[in-house]
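**Student:** File name protein_37.txt; file contents compact mmCIF, C-alpha atoms and all ligand atoms; full text below.
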# COMPACT_ATOMS: atom_id res chain seq x y z
CA MET K 15 -77.38 21.85 14.00
CA PHE K 16 -79.91 21.06 16.73
CA THR K 17 -82.24 23.89 15.66
CA ASN K 18 -85.16 21.58 14.85
CA SER K 19 -84.48 18.83 17.38
CA ALA K 20 -83.51 20.76 20.54
CA HIS K 21 -86.88 20.03 22.19
CA ILE K 22 -86.33 16.26 21.92
CA TYR K 23 -82.53 16.23 22.52
CA ASP K 24 -82.81 14.68 25.99
CA ALA K 25 -85.26 12.03 24.80
CA VAL K 26 -83.08 11.10 21.80
CA TYR K 27 -80.00 10.71 24.01
CA SER K 28 -81.81 9.15 26.99
CA PHE K 29 -79.65 6.04 26.49
CA LYS K 30 -76.60 7.99 27.69
CA ASP K 31 -75.57 7.50 31.32
CA TYR K 32 -74.58 11.06 32.23
CA GLU K 33 -74.25 10.13 35.89
CA ALA K 34 -71.66 7.40 35.25
CA GLU K 35 -69.82 9.50 32.65
CA SER K 36 -69.57 12.44 35.05
CA ALA K 37 -68.37 10.17 37.87
CA ARG K 38 -65.61 8.90 35.56
CA VAL K 39 -64.65 12.47 34.60
CA HIS K 40 -64.48 13.35 38.31
CA GLU K 41 -62.29 10.30 38.97
CA LEU K 42 -59.89 11.29 36.16
CA ILE K 43 -59.67 14.83 37.57
CA GLU K 44 -59.09 13.59 41.13
CA GLU K 45 -56.23 11.39 39.96
CA ARG K 46 -54.45 14.29 38.22
CA LEU K 47 -55.55 17.46 39.95
CA PRO K 48 -56.85 16.70 43.45
CA GLY K 49 -58.47 19.79 44.93
CA ALA K 50 -59.73 21.10 41.58
CA ALA K 51 -62.69 23.34 42.42
CA THR K 52 -63.92 25.07 39.26
CA LEU K 53 -65.01 23.52 35.95
CA LEU K 54 -66.23 24.88 32.62
CA ASP K 55 -68.15 22.52 30.31
CA VAL K 56 -67.75 23.75 26.72
CA ALA K 57 -70.59 22.70 24.38
CA CYS K 58 -72.63 21.84 27.45
CA GLY K 59 -75.84 21.26 25.47
CA THR K 60 -78.81 20.72 27.79
CA GLY K 61 -76.57 20.68 30.88
CA LYS K 62 -76.77 17.01 31.80
CA HIS K 63 -73.07 16.70 32.65
CA LEU K 64 -73.23 20.01 34.55
CA GLU K 65 -76.15 18.67 36.58
CA GLN K 66 -73.89 15.86 37.84
CA LEU K 67 -70.53 17.64 37.97
CA ARG K 68 -71.86 20.41 40.18
CA ALA K 69 -71.84 17.90 43.04
CA TRP K 70 -68.03 18.29 43.10
CA TYR K 71 -67.23 21.59 41.35
CA GLU K 72 -68.41 25.15 40.97
CA VAL K 73 -69.50 24.68 37.34
CA SER K 74 -70.12 26.95 34.35
CA GLY K 75 -71.31 26.08 30.84
CA LEU K 76 -70.97 27.43 27.33
CA ASP K 77 -72.84 26.46 24.17
CA LEU K 78 -73.57 27.93 20.76
CA ASP K 79 -77.22 26.86 20.61
CA PRO K 80 -79.69 29.15 22.44
CA LYS K 81 -82.46 26.52 22.45
CA LEU K 82 -80.26 23.90 24.13
CA LEU K 83 -79.08 26.54 26.59
CA GLU K 84 -82.71 27.33 27.48
CA ILE K 85 -83.18 23.66 28.42
CA ALA K 86 -79.93 23.78 30.42
CA LYS K 87 -81.24 26.87 32.22
CA ASP K 88 -84.38 24.97 33.25
CA ARG K 89 -82.23 22.08 34.47
CA VAL K 90 -79.45 23.95 36.31
CA GLY K 91 -80.80 27.48 36.62
CA ASP K 92 -78.34 28.53 39.31
CA VAL K 93 -75.34 27.67 37.09
CA ASP K 94 -73.43 30.31 35.15
CA LEU K 95 -74.36 29.61 31.49
CA HIS K 96 -73.00 31.45 28.46
CA GLN K 97 -73.85 31.51 24.78
CA GLY K 98 -70.70 31.46 22.67
CA ASP K 99 -68.63 29.78 19.98
CA MET K 100 -65.96 27.45 21.34
CA THR K 101 -63.54 28.52 18.57
CA GLY K 102 -63.28 32.03 20.03
CA PHE K 103 -64.82 32.90 23.37
CA SER K 104 -63.75 34.93 26.35
CA LEU K 105 -65.48 34.62 29.71
CA GLY K 106 -62.94 36.82 31.52
CA ARG K 107 -62.02 34.17 34.05
CA ARG K 108 -60.10 30.91 34.37
CA PHE K 109 -60.99 27.44 35.66
CA ASP K 110 -59.17 24.43 37.11
CA VAL K 111 -60.80 22.14 34.56
CA VAL K 112 -62.37 22.59 31.11
CA THR K 113 -64.34 19.74 29.53
CA CYS K 114 -65.70 19.33 26.00
CA LEU K 115 -67.68 16.09 25.84
CA PHE K 116 -69.76 13.85 23.55
CA SER K 117 -67.70 14.62 20.43
CA SER K 118 -68.85 18.26 20.31
CA ILE K 119 -65.35 19.24 19.13
CA GLY K 120 -66.07 17.70 15.70
CA TYR K 121 -68.59 20.45 15.00
CA VAL K 122 -65.76 23.01 14.66
CA GLY K 123 -65.33 21.63 11.14
CA THR K 124 -61.70 22.40 10.20
CA VAL K 125 -58.21 21.80 11.60
CA LYS K 126 -57.73 25.57 11.85
CA ARG K 127 -60.88 25.93 13.94
CA LEU K 128 -59.83 22.89 16.03
CA GLY K 129 -56.66 24.83 16.88
CA GLY K 130 -58.76 27.91 17.70
CA ALA K 131 -61.06 25.94 19.99
CA ILE K 132 -58.22 24.24 21.91
CA ALA K 133 -56.44 27.62 22.24
CA ALA K 134 -59.63 29.30 23.52
CA MET K 135 -60.15 26.51 26.07
CA ALA K 136 -56.48 26.73 27.10
CA ALA K 137 -56.89 30.47 27.69
CA HIS K 138 -59.59 29.64 30.27
CA LEU K 139 -57.39 27.32 32.34
CA ASP K 140 -55.29 28.16 35.35
CA PRO K 141 -51.63 27.04 35.17
CA GLY K 142 -51.51 23.25 35.58
CA GLY K 143 -55.21 23.02 34.69
CA LEU K 144 -56.84 20.07 32.93
CA LEU K 145 -58.58 20.02 29.56
CA ILE K 146 -60.67 16.90 28.90
CA VAL K 147 -61.89 16.45 25.32
CA GLU K 148 -64.00 13.55 24.09
CA PRO K 149 -63.24 13.42 20.36
CA TRP K 150 -65.43 12.64 17.39
CA LEU K 151 -64.54 9.70 15.15
CA THR K 152 -61.35 9.48 13.11
CA PRO K 153 -61.46 9.37 9.27
CA ASP K 154 -60.49 5.67 9.09
CA VAL K 155 -63.57 4.42 10.97
CA TRP K 156 -66.31 6.52 9.33
CA VAL K 157 -68.52 4.44 6.99
CA VAL K 158 -70.64 6.20 4.35
CA ASP K 159 -74.08 5.23 3.01
CA ARG K 160 -74.94 3.38 6.21
CA PRO K 161 -78.53 3.83 7.40
CA HIS K 162 -79.07 3.94 11.16
CA LEU K 163 -82.27 3.89 13.18
CA LEU K 164 -82.73 5.32 16.67
CA SER K 165 -86.10 4.96 18.34
CA VAL K 166 -87.77 6.18 21.51
CA ASP K 167 -90.94 4.49 22.70
CA GLU K 168 -92.48 6.22 25.71
CA PRO K 169 -96.23 6.30 26.42
CA ASP K 170 -96.73 9.86 25.08
CA LEU K 171 -93.59 10.27 22.99
CA LYS K 172 -92.58 8.17 20.01
CA ILE K 173 -89.45 9.08 18.03
CA ALA K 174 -88.02 7.42 14.94
CA ARG K 175 -84.79 9.02 13.77
CA MET K 176 -83.34 7.60 10.58
CA THR K 177 -79.80 8.68 9.73
CA MET K 178 -77.90 8.27 6.47
CA SER K 179 -74.14 8.75 6.68
CA GLY K 180 -72.20 10.61 4.04
CA ARG K 181 -68.86 12.30 3.64
CA GLU K 182 -67.62 15.49 2.01
CA GLY K 183 -63.82 15.67 2.22
CA ARG K 184 -62.97 15.60 5.92
CA LEU K 185 -66.55 16.18 7.02
CA ALA K 186 -68.82 13.38 8.21
CA ILE K 187 -72.33 14.23 7.03
CA MET K 188 -75.30 12.99 9.05
CA SER K 189 -78.62 13.45 7.30
CA PHE K 190 -81.40 12.94 9.84
CA GLU K 191 -85.09 12.35 9.15
CA TYR K 192 -87.29 12.59 12.24
CA LEU K 193 -90.82 11.31 12.91
CA ILE K 194 -92.13 12.48 16.29
CA GLY K 195 -95.46 11.27 17.67
CA THR K 196 -97.13 12.94 20.66
CA PRO K 197 -100.78 13.32 21.72
CA ALA K 198 -100.72 16.58 19.70
CA GLY K 199 -100.03 14.68 16.47
CA ILE K 200 -97.14 13.56 14.28
CA GLU K 201 -94.36 15.95 13.38
CA THR K 202 -91.68 15.33 10.73
CA PHE K 203 -88.53 17.27 9.99
CA SER K 204 -84.99 16.91 8.67
CA GLU K 205 -81.64 17.99 10.02
CA ARG K 206 -78.15 17.90 8.55
CA HIS K 207 -75.09 17.75 10.78
CA GLU K 208 -71.48 18.11 9.68
CA ALA K 209 -68.69 16.97 12.00
CA ALA K 210 -64.99 16.95 11.10
CA LEU K 211 -63.13 13.63 11.11
CA PHE K 212 -59.86 14.70 12.73
CA THR K 213 -56.95 12.30 13.06
CA ASP K 214 -55.24 11.50 16.35
CA GLU K 215 -52.19 13.45 15.08
CA GLU K 216 -54.35 16.52 14.41
CA TYR K 217 -55.77 16.44 17.93
CA ARG K 218 -52.30 15.97 19.43
CA GLU K 219 -50.87 18.84 17.36
CA ALA K 220 -53.65 21.18 18.51
CA PHE K 221 -52.96 20.28 22.17
CA ALA K 222 -49.18 20.65 21.73
CA ALA K 223 -49.58 24.04 19.99
CA ALA K 224 -51.58 25.29 22.99
CA GLY K 225 -48.81 24.15 25.38
CA PHE K 226 -50.42 20.99 26.75
CA VAL K 227 -48.96 17.64 27.67
CA VAL K 228 -51.60 15.17 26.50
CA GLU K 229 -52.62 11.59 27.32
CA HIS K 230 -55.09 9.55 25.28
CA ASP K 231 -57.40 6.97 26.80
CA PRO K 232 -58.55 4.86 23.81
CA GLU K 233 -61.80 3.75 25.51
CA GLY K 234 -62.87 6.97 27.19
CA LEU K 235 -66.44 7.44 28.40
CA ILE K 236 -68.36 5.67 25.61
CA GLY K 237 -65.73 4.01 23.45
CA ARG K 238 -64.82 7.11 21.43
CA GLY K 239 -61.62 7.77 23.39
CA LEU K 240 -60.69 10.69 25.59
CA TYR K 241 -57.87 13.26 25.52
CA ILE K 242 -56.72 14.43 28.93
CA ALA K 243 -54.42 17.40 28.58
CA GLN K 244 -52.59 19.32 31.31
CA SER K 245 -51.34 22.87 30.88
CA ALA K 246 -47.88 23.97 32.05
CA ARG K 247 -47.64 24.99 35.72
C1 LIG E 301 -73.56 16.15 20.58
S1 LIG E 301 -73.99 17.64 21.40
C2 LIG E 301 -73.25 17.40 23.00
C3 LIG E 301 -73.88 18.22 24.08
C4 LIG E 301 -73.47 17.86 25.51
N1 LIG E 301 -72.05 18.03 25.74
C5 LIG E 301 -73.87 16.44 25.85
O1 LIG E 301 -73.01 15.65 26.25
O2 LIG E 301 -75.07 16.12 25.76
C6 LIG E 301 -72.93 18.82 20.61
C7 LIG E 301 -73.02 20.20 21.23
O3 LIG E 301 -72.03 21.04 20.65
C8 LIG E 301 -72.58 22.35 20.56
N2 LIG E 301 -71.76 23.10 19.61
C9 LIG E 301 -71.55 22.84 18.32
N3 LIG E 301 -70.71 23.74 17.77
C10 LIG E 301 -70.37 24.58 18.77
C11 LIG E 301 -69.51 25.72 18.84
N4 LIG E 301 -68.84 26.15 17.77
N5 LIG E 301 -69.37 26.33 20.03
C12 LIG E 301 -70.05 25.89 21.13
N6 LIG E 301 -70.88 24.84 21.12
C13 LIG E 301 -71.03 24.18 19.95
C14 LIG E 301 -74.01 22.08 20.12
O4 LIG E 301 -74.85 23.20 20.27
C15 LIG E 301 -74.36 20.91 21.03
O5 LIG E 301 -74.83 21.34 22.27
Is it possible to express this structure as structure tokens?
**Tutor:**
Amino acid sequence: MFTNSAHIYDAVYSFKDYEAESARVHELIEERLPGAATLLDVACGTGKHLEQLRAWYEVSGLDLDPKLLEIAKDRVGDVDLHQGDMTGFSLGRRFDVVTCLFSSIGYVGTVKRLGGAIAAMAAHLDPGGLLIVEPWLTPDVWVVDRPHLLSVDEPDLKIARMTMSGREGRLAIMSFEYLIGTPAGIETFSERHEAALFTDEEYREAFAAAGFVVEHDPEGLIGRGLYIAQSAR
């Protein structure tokens, strides 16, 4: 997925306010599980939520991508970071809170793997623990053949990322073309991402099957909604 673009991930997503998002996540946890002390961020990417959340929790991270994890290691070197697949991982310990943010869950690709991921996260929660999942888009809102441009314009880093949206069955296809300008020259590359368009019912069924009681905040952190699920005590 991010194999070609890992080195510019933070620049591409520099518009995201990780500090405010993490503060909101902390607030949601405090309201439901005051005294929560340990937190695992699944699909932690470059560790920008971990960097903030460690102010309140003893944090750990897990991600599939070794290049993104390397960046996370540089950012939060003292944090316990693991390489693994969210659809089937075992860290041998449990947490008060598990998060899976910025629509990473969509990358699991199928309803069966969604169930596997929610079950694996559930298996890492203490009784009464919280699972907070920021979903990817639902099938009804995904528009195909829509070009999108993201640009970064810093003194020594210029990025133009053109995306064309597509769809194959339940998968949203994002075909990215990158142009990166630095003092070393201009680099171009492509990347294709596939993220499953799960329905609200499919998310709810996956949470119910893993024994959670789930709430849905339609706005969430960035307008994509947020599932807040609590395991049985
Ligand atoms: C959009 S990024 C979000 C990263 C980070 N949570 C953030 O907010 O910046 C999606 C992340 O999901 C990770 N990912 C995708 N599939 C995964 C899987 N099966 N298991 C673990 N991580 C996965 C990617 O490597 C990437 O870090």
**Student:** Once you count only C-alpha atoms and all ligand atoms, which residues end up within 7 Å of ligand LIG 301 (chain E), and could you hand them over as an mmCIF file with C-alpha atoms, keeping the file's coordinate frame?
**Tutor:**
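Resulting contents of selection-v2.cif:
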data_model
loop_
_atom_site.group_PDB
_atom_site.id
_atom_site.type_symbol
_atom_site.label_atom_id
_atom_site.label_comp_id
_atom_site.auth_asym_id
_atom_site.auth_seq_id
_atom_site.Cartn_x
_atom_site.Cartn_y
_atom_site.Cartn_z
ATOM 1 C CA MET K 15 -77.380 21.850 14.000
ATOM 2 C CA PHE K 16 -79.910 21.060 16.730
ATOM 3 C CA VAL K 56 -67.750 23.750 26.720
ATOM 4 C CA ALA K 57 -70.590 22.700 24.380
ATOM 5 C CA CYS K 58 -72.630 21.840 27.450
ATOM 6 C CA GLY K 59 -75.840 21.260 25.470
ATOM 7 C CA THR K 60 -78.810 20.720 27.790
ATOM 8 C CA GLY K 61 -76.570 20.680 30.880
ATOM 9 C CA LYS K 62 -76.770 17.010 31.800
ATOM 10 C CA HIS K 63 -73.070 16.700 32.650
ATOM 11 C CA LEU K 76 -70.970 27.430 27.330
ATOM 12 C CA ASP K 77 -72.840 26.460 24.170
ATOM 13 C CA LEU K 78 -73.570 27.930 20.760
ATOM 14 C CA ASP K 79 -77.220 26.860 20.610
ATOM 15 C CA LEU K 82 -80.260 23.900 24.130
ATOM 16 C CA GLY K 98 -70.700 31.460 22.670
ATOM 17 C CA ASP K 99 -68.630 29.780 19.980
ATOM 18 C CA MET K 100 -65.960 27.450 21.340
ATOM 19 C CA THR K 101 -63.540 28.520 18.570
ATOM 20 C CA CYS K 114 -65.700 19.330 26.000
ATOM 21 C CA LEU K 115 -67.680 16.090 25.840
ATOM 22 C CA PHE K 116 -69.760 13.850 23.550
ATOM 23 C CA SER K 117 -67.700 14.620 20.430
ATOM 24 C CA SER K 118 -68.850 18.260 20.310
ATOM 25 C CA TYR K 121 -68.590 20.450 15.000
ATOM 26 C CA VAL K 122 -65.760 23.010 14.660
#
**Student:** Restricting the calculation to all atoms listed in the file, which member of K:Tyr32, K:Phe226, K:Phe103, K:Phe212 is positioned closest to Pro153 (chain K)?
**Tutor:** K:Phe212
**Student:** Set the distance at 10 Å and use all atoms listed in the file: which residues neighbour region 50-55 of chain K once local chain neighbours fewer than 5 positions away are removed? I'd like the list as number ranges by chain.
**Tutor:** K: 40, 43-44, 61, 63-64, 67-68, 70-77, 94-95, 108-115, 135, 138-140, 143-146
**Student:** Restricting the calculation to all atoms listed in the file, which member of K:Glu65, K:Glu191, K:Asp167, K:Glu201 is positioned closest to Glu35 (chain K)?
**Tutor:**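 Of K:Glu65, K:Glu191, K:Asp167, K:Glu201, the one nearest Glu35 (chain K), counting all atoms listed in the file, is K:Glu65.
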**Student:** Might I get the box with edges along x, y and z of the file that holds all atoms of region 180-190 of chain K listed there, padded by 6 Å on every side, given as centre and edge lengths in Å to one decimal, as JSON?
**Tutor:**
{"center_x": -72.2, "center_y": 13.4, "center_z": 5.9, "size_x": 30.4, "size_y": 17.6, "size_z": 19.8}
**Student:** In Å, rounded to a single decimal, give me how far CA of Gly120 (chain K) is from CA of Arg175 (chain K).
**Tutor:**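 Interatomic distance here is 20.7 Å.
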**Student:** Would you mind telling me which residue in K:Thr196, K:Gln66, K:Ser189, K:Thr124 lies nearest to Leu211 (chain K) when using only C-alpha atoms?
**Tutor:**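 Under the stated criterion, the closest residue is K:Thr124.
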**Student:** Check the smallest atom-to-atom distance from each of K:Gly239, K:Thr177, K:Lys126, K:Pro149 to Ala220 (chain K) using all atoms listed in the file, then report the winner.
**Tutor:** K:Lys126
**Student:** Report, in Å to a single decimal, how far apart CA of Ser36 (chain K) and CA of Leu151 (chain K) are.
**Tutor:**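 Atom-to-atom, CA of Leu151 (chain K) and CA of Ser36 (chain K) are spaced 20.7 Å apart.
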**Student:** Determine the nearest neighbour of Arg127 (chain K) from the options K:Glu216, K:Asp24, K:Glu182, K:Glu229, counting all atoms listed in the file.
**Tutor:**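 Going through K:Glu216, K:Asp24, K:Glu182, K:Glu229 one by one, the smallest distance to Arg127 (chain K) is for K:Glu216.
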**Student:** Could you tell me which of K:Ile242, K:Ser19, K:Leu47, K:Gly237 comes closest to Phe190 (chain K) if we count only C-alpha atoms?
**Tutor:** K:Ser19
**Student:** Neighbours of region 21-23 of chain K within 10 Å (all atoms listed in the file; same-chain residues fewer than 3 positions away dropped), as a list of chain:residue names?
**Tutor:** K:Phe16, K:Thr17, K:Asn18, K:Val26, K:Tyr27, K:Ser28, K:Gly59, K:Thr60, K:Lys81, K:Leu82, K:Glu84, K:Ile85, K:Leu171, K:Ile173, K:Ile194
**Student:** Compile the contact shell of Arg181 (chain K) as a list in words: residues with an atom at most 9 Å away, counting all atoms listed in the file, same-chain residues fewer than 6 positions apart removed.
**Tutor:**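 That gives Trp156, Val157, Val158, Asp159, Ile187, Met188 and Glu208 of chain K.
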**Student:** In Å, how far is it from CA of Glu148 (chain K) to CA of Ile119 (chain K)?
**Tutor:**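 Interatomic distance here is 7.7 Å.
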